[in-house]
Amino acid sequence: MPIDLSTRLSTAWALFQGLLLEAVPFLLIGVLIAALARWFSPGGAWLRRLPGHPIAGPLSGAALGFALPACECGNVPVARRMLVAGAPLGTALGFLFAAPVLNPIVIASTWAAFPDQPWLLLARPLGAVLVALALALLLQLLPEAELLRPDLLEERRLNQPLAQVGLLERRSGFVGLPAAAPTGLPEASGPPAPAPGWREVLRHAGREFLQLAVLLVAGCAVAALVQTLLPRQWLLAVGGAPTLSILALMALSLVISVCSSVDAFLALGFAAQVTPGSLLAFLLLGPVIDLKLVGLLGLLFRPRGLVLATTGAGLAVLLIGQWVNLWRL
Amino acid sequence: MPVLVLSADLWRALALALWAAVLLRSSVDGRLDLLLRSAFHPQVAAAGGLLFALATLQLGVALAGRRVDSRREAPMALLTAVIAGLLLALPPNPSFADLASQRPGDDTASDTLSFVLPPAQRSLTDWVRLLRSQPDPHLYDGDPVRISGFVLPTPNGQPQLARLLVRCCLADATPVGLPVRWPAGALPTADRWLAIEGRLEREGEGLVVVPARITPIPRPLRPLEP
């Protein structure tokens with residue numbers, strides 16, 4: 001059917017609005033939770049006490065997902081807050097990558113969409129933890145200075161104990177004093193950082209929401225354009241081939257860019273046409289990385305870290321999908 | 001320019017208010033019916049309310065507080081305000097036929113239907129699900145149909161009457177359609193919404209809708225089906 005350009009652009013504009021309006025509420029939840037955390041626990045001392053063990057750290061971060069009923073867009077501001085507060089890197093990464101699946105809403109929606117496939121209800125959270133663990137281990141191979149954005153790293157170092165950060169790595173602030181308390185010297189016992197005023201928390205939340213909204217808009221625009229120009233049949237045509245179907249569904253999850261809280265309902269539409277491994281791959285990769293998320297994750301990682309995270313996630317999901325196909329086919 | 005000396009707080013309050021307006025207006029002007037499944041409408045409205053509260057508080061801060069240098073933040077707030085303005089000014093108007101042409105047909109497995117309406121009360125989606133559940137064409141030969149949908153061109157040149165099924169938002173919409181035996185020399189144009197009254201007849205291995213009356217209708221207020 002010949003379609004003129006204006007019709008196609010009009011459809012892409014509607015798709016863009018659909019993606020954006022679905023994601024903005026989750027983004028707002030994440031920003032508000034990060035703001036509340038900043039208000040009630042300004043120094044984030046409890047975050048620094050989370051385990052830093054290479055395995056236990058990411059696992060405890062993943063478990064925190066149960067406390068945040070949001071999808072991946074909402075997790076980015078919270079993970080950023082964790083990193084700024086000086087939480088162990090592995091823990092924050094475990095949270096960032098696993099929490100979009102390990103939360104009550106996503107598990108409930110997966111169950112609602114696939115009540116007749118109990119294996120998926122177990123395999124999705126388990127797979128998400130494995131992917132998060134693999135990514136946390138992989139990304140920690142890079143020094144923090146090469147992984148995290150400079151501005152984030154600067155804030156983070158102000159909140160890290162001097163035992164972890166050299167004096168020369170702190171570019172501002174008072175030695176031994178949390179960034180939130182720039183006046184006066186610390187007492188010998190190390191008093192807790194004073195809570196920022198509500199005005200400051202409000203300013204910060206508004207600024208963060210708008211900053212993330214711009215990136216979300218860019219991501220949704222790219223996702224909508226790609227979806228409009230690329231016939232989905234091309235991706236689903238290889239549904240029955242074990243490896244190709246996994247790769248195709250991984251590509252589809254990158255393109256579709258819907259939130260993890262609703263992607264199971266979406267997958268229901270083509271579940272009968274594809275292999276079980278590819279179905280799981282679709283449900284695992286989307287919450288970690290997609291076109292909509294690239295900009296948001298760019299607020300945390302340097303390009304090198306982003307490329308490593310994307311490649312690592314792709315490989316881990318491909319392996320899990322292959323294994324599931326061996327088991328279920 | 002005098003507007004650029006507004007404080008950062010005021011810029012932020014303005015941008016947040018515009019985003020609140022986008023979400024709240026979308027909740028009342030029927031736009032969401034075209035974009036999202038109804039289960040997700042309350043969260044958009046709630047987010048709009050929250051953003052409005054946030055914008056009001058920011059405005060209070062801006063009016064009461066001291067002026068903060070806006071050089072760094074003003075461009076970002078201005079950009080978000082422009083985007084929100086565009087969203088408000090340009091409502092979505094998708095071509096369902098274009099969208100459907102990019103998607104494979106819905107293939108949701110449904111072994112049995114627990115409840116079936118009488119033939120003349122079945123919607124197009126009900127018919128598609130019933131035919132998928134019990135595909136024997138002999139069961140429905142001659143049944144009356146009263147259905148509505150948009151015209152979806154197909155590769156074989158015979159347009160179908162179709163609907164879009166949506167589980168979350170327009171991004172996951174998949175088409176379902178019924179073949180129609182259009183009157184000779186009167187193929188309808190793509191995307192047109194029609195109501196058809198007629199009968200089902202066997203044609204080869206399948207069924208086709210044979211219209212007795214075709215009425216052009218405007219796009220329904222809630223065009224997406226769950």
# chains A, B, ... in the order shown; residues from 1 in each chain; ligands from 1
call {"tool": "select_by_dssp", "arguments": {"residues": "range 102-329 of chain A", "states": "alpha helix (DSSP H)", "output": "PyMOL selection string"}}
result
chain A and resi 104-113+118-139+144-147+150-159+198-229+232-236+242-256+263-268+276-288+291-297+303-328
call {"tool": "interface_residues", "arguments": {"of": "chain B", "to": "chain A", "cutoff": "7 Å", "atoms": "only C-alpha atoms", "output": "PDB file with C-alpha atoms, in the first residue's frame"}}
result
ATOM      1  CA  ARG B  12      11.310  25.457  35.802  1.00  0.00           C
ATOM      2  CA  LEU B  35      -3.012   6.168  22.356  1.00  0.00           C
ATOM      3  CA  LEU B  36      -3.266   3.992  25.443  1.00  0.00           C
ATOM      4  CA  GLN B  43      -1.813   6.884  36.000  1.00  0.00           C
ATOM      5  CA  VAL B  44      -1.439   9.598  33.346  1.00  0.00           C
ATOM      6  CA  ALA B  47       0.991  12.066  37.112  1.00  0.00           C
ATOM      7  CA  GLN B  58       8.044  25.643  42.314  1.00  0.00           C
ATOM      8  CA  VAL B  61       9.529  29.059  45.586  1.00  0.00           C
ATOM      9  CA  ALA B  77      13.607  24.395  30.680  1.00  0.00           C
ATOM     10  CA  THR B  80      11.110  21.079  27.532  1.00  0.00           C
ATOM     11  CA  PRO B  92      -2.179  12.707  17.427  1.00  0.00           C
ATOM     12  CA  ASN B  93      -3.897  11.686  14.231  1.00  0.00           C
ATOM     13  CA  PRO B  94      -2.498   8.281  13.276  1.00  0.00           C
ATOM     14  CA  SER B  95      -3.358   6.354  10.146  1.00  0.00           C
ATOM     15  CA  ASP B  98      -0.463   2.656   7.896  1.00  0.00           C
ATOM     16  CA  LEU B  99       0.196   1.356  11.394  1.00  0.00           C
ATOM     17  CA  GLN B 102       3.734  -2.394   9.468  1.00  0.00           C
ATOM     18  CA  ARG B 103       2.536  -5.060  11.887  1.00  0.00           C
ATOM     19  CA  PRO B 104       1.785  -8.768  11.644  1.00  0.00           C
ATOM     20  CA  ASP B 106      -2.741 -10.554  15.970  1.00  0.00           C
ATOM     21  CA  ASP B 107      -2.152 -14.208  16.699  1.00  0.00           C
ATOM     22  CA  THR B 108      -3.141 -14.461  20.334  1.00  0.00           C
ATOM     23  CA  ALA B 109      -3.897 -18.065  21.183  1.00  0.00           C
ATOM     24  CA  PRO B 153      -5.735  -2.695   2.402  1.00  0.00           C
ATOM     25  CA  ARG B 167      -2.541  -4.281  25.236  1.00  0.00           C
ATOM     26  CA  CYS B 168      -0.584  -1.255  26.365  1.00  0.00           C
ATOM     27  CA  CYS B 169      -0.190   1.593  23.901  1.00  0.00           C
ATOM     28  CA  LEU B 170      -0.235   2.248  20.178  1.00  0.00           C
ATOM     29  CA  ALA B 171       3.297   0.824  19.968  1.00  0.00           C
ATOM     30  CA  ASP B 172       1.960  -2.692  20.430  1.00  0.00           C
TER      31      ASP B 172
END
call {"tool": "closest_residue", "arguments": {"among": "A:Leu216, A:Leu93, A:Ile289, A:Val129", "to": "Ala251 in chain A", "atoms": "only C-alpha atoms"}}
result
A:Ile289
call {"tool": "residues_around", "arguments": {"residues": "Pro137 in chain B", "least_positions_apart": "3", "cutoff": "8 Å", "atoms": "only C-alpha atoms", "output": "NGL selection string"}}
result
:B and (131 or 140-141 or 202 or 205-207)
call {"tool": "residues_around", "arguments": {"residues": "Leu59 in chain A", "least_positions_apart": "4", "cutoff": "8 Å", "atoms": "only C-alpha atoms", "output": "ChimeraX atom specification"}}
result
/A:55,63,91,94,129,133
call {"tool": "closest_residue", "arguments": {"among": "A:Leu96, A:Leu296, A:Ala218, A:Leu285", "to": "Thr310 in chain A", "atoms": "only C-alpha atoms"}}
result
A:Leu285
call {"tool": "atom_distance", "arguments": {"atom1": "CA of Gly157 in chain B", "atom2": "CA of Glu197 in chain B"}}
result
21.9 Å
call {"tool": "atom_distance", "arguments": {"atom1": "CA of Glu201 in chain B", "atom2": "CA of Ser123 in chain B"}}
result
17.0 Å
call {"tool": "closest_residue", "arguments": {"among": "B:Ile214, B:Ala173, B:Val22, B:Leu187", "to": "Leu34 in chain B", "atoms": "only C-alpha atoms"}}
result
B:Ala173
call {"tool": "closest_residue", "arguments": {"among": "A:Val76, A:Ala134, A:Ala248, A:Pro100", "to": "Thr311 in chain A", "atoms": "only C-alpha atoms"}}
result
A:Ala134
call {"tool": "atom_distance", "arguments": {"atom1": "CA of Val288 in chain A", "atom2": "CA of Phe97 in chain A"}}
result
5.4 Å
call {"tool": "decode", "arguments": {"residues": "range 28-46 of chain B", "atoms": "N, CA and C atoms", "output": "short mmCIF file (atom, residue, chain, number, x, y, z; two decimals), in the first residue's frame"}}
result
data_model
loop_
_atom_site.label_atom_id
_atom_site.label_comp_id
_atom_site.auth_asym_id
_atom_site.auth_seq_id
_atom_site.Cartn_x
_atom_site.Cartn_y
_atom_site.Cartn_z
N VAL B 28 -8.37 14.44 29.50
CA VAL B 28 -9.76 14.86 29.34
C VAL B 28 -10.18 15.07 27.88
N ASP B 29 -9.23 15.23 26.96
CA ASP B 29 -9.66 15.56 25.59
C ASP B 29 -9.80 14.33 24.68
N GLY B 30 -9.74 13.13 25.28
CA GLY B 30 -9.95 11.93 24.49
C GLY B 30 -8.71 11.43 23.79
N ARG B 31 -7.61 12.15 23.95
CA ARG B 31 -6.37 11.76 23.27
C ARG B 31 -5.89 10.39 23.74
N LEU B 32 -6.05 10.13 25.04
CA LEU B 32 -5.55 8.86 25.57
C LEU B 32 -6.29 7.67 24.97
N ASP B 33 -7.59 7.90 24.63
CA ASP B 33 -8.36 6.81 24.03
C ASP B 33 -7.75 6.36 22.71
N LEU B 34 -7.00 7.26 22.11
CA LEU B 34 -6.38 6.96 20.81
C LEU B 34 -4.97 6.39 20.97
N LEU B 35 -4.42 6.51 22.18
CA LEU B 35 -3.01 6.17 22.36
C LEU B 35 -2.76 5.03 23.32
N LEU B 36 -3.56 4.95 24.38
CA LEU B 36 -3.27 3.99 25.44
C LEU B 36 -4.49 3.18 25.79
N ARG B 37 -4.25 1.99 26.29
CA ARG B 37 -5.36 1.19 26.79
C ARG B 37 -5.92 1.86 28.05
N SER B 38 -7.23 1.71 28.26
CA SER B 38 -7.88 2.49 29.32
C SER B 38 -7.32 2.20 30.71
N ALA B 39 -6.76 1.00 30.92
CA ALA B 39 -6.22 0.68 32.24
C ALA B 39 -5.10 1.63 32.65
N PHE B 40 -4.46 2.26 31.66
CA PHE B 40 -3.32 3.12 31.98
C PHE B 40 -3.70 4.60 32.04
N HIS B 41 -4.97 4.91 31.78
CA HIS B 41 -5.37 6.32 31.80
C HIS B 41 -5.24 6.96 33.18
N PRO B 42 -5.66 6.25 34.27
CA PRO B 42 -5.59 6.92 35.59
C PRO B 42 -4.17 7.32 35.97
N GLN B 43 -3.17 6.53 35.58
CA GLN B 43 -1.81 6.88 36.00
C GLN B 43 -1.33 8.15 35.28
N VAL B 44 -1.81 8.36 34.06
CA VAL B 44 -1.44 9.60 33.35
C VAL B 44 -2.08 10.80 34.04
N ALA B 45 -3.37 10.65 34.40
CA ALA B 45 -4.05 11.76 35.08
C ALA B 45 -3.40 12.04 36.43
N ALA B 46 -3.07 10.98 37.16
CA ALA B 46 -2.44 11.16 38.48
C ALA B 46 -1.09 11.85 38.34
#
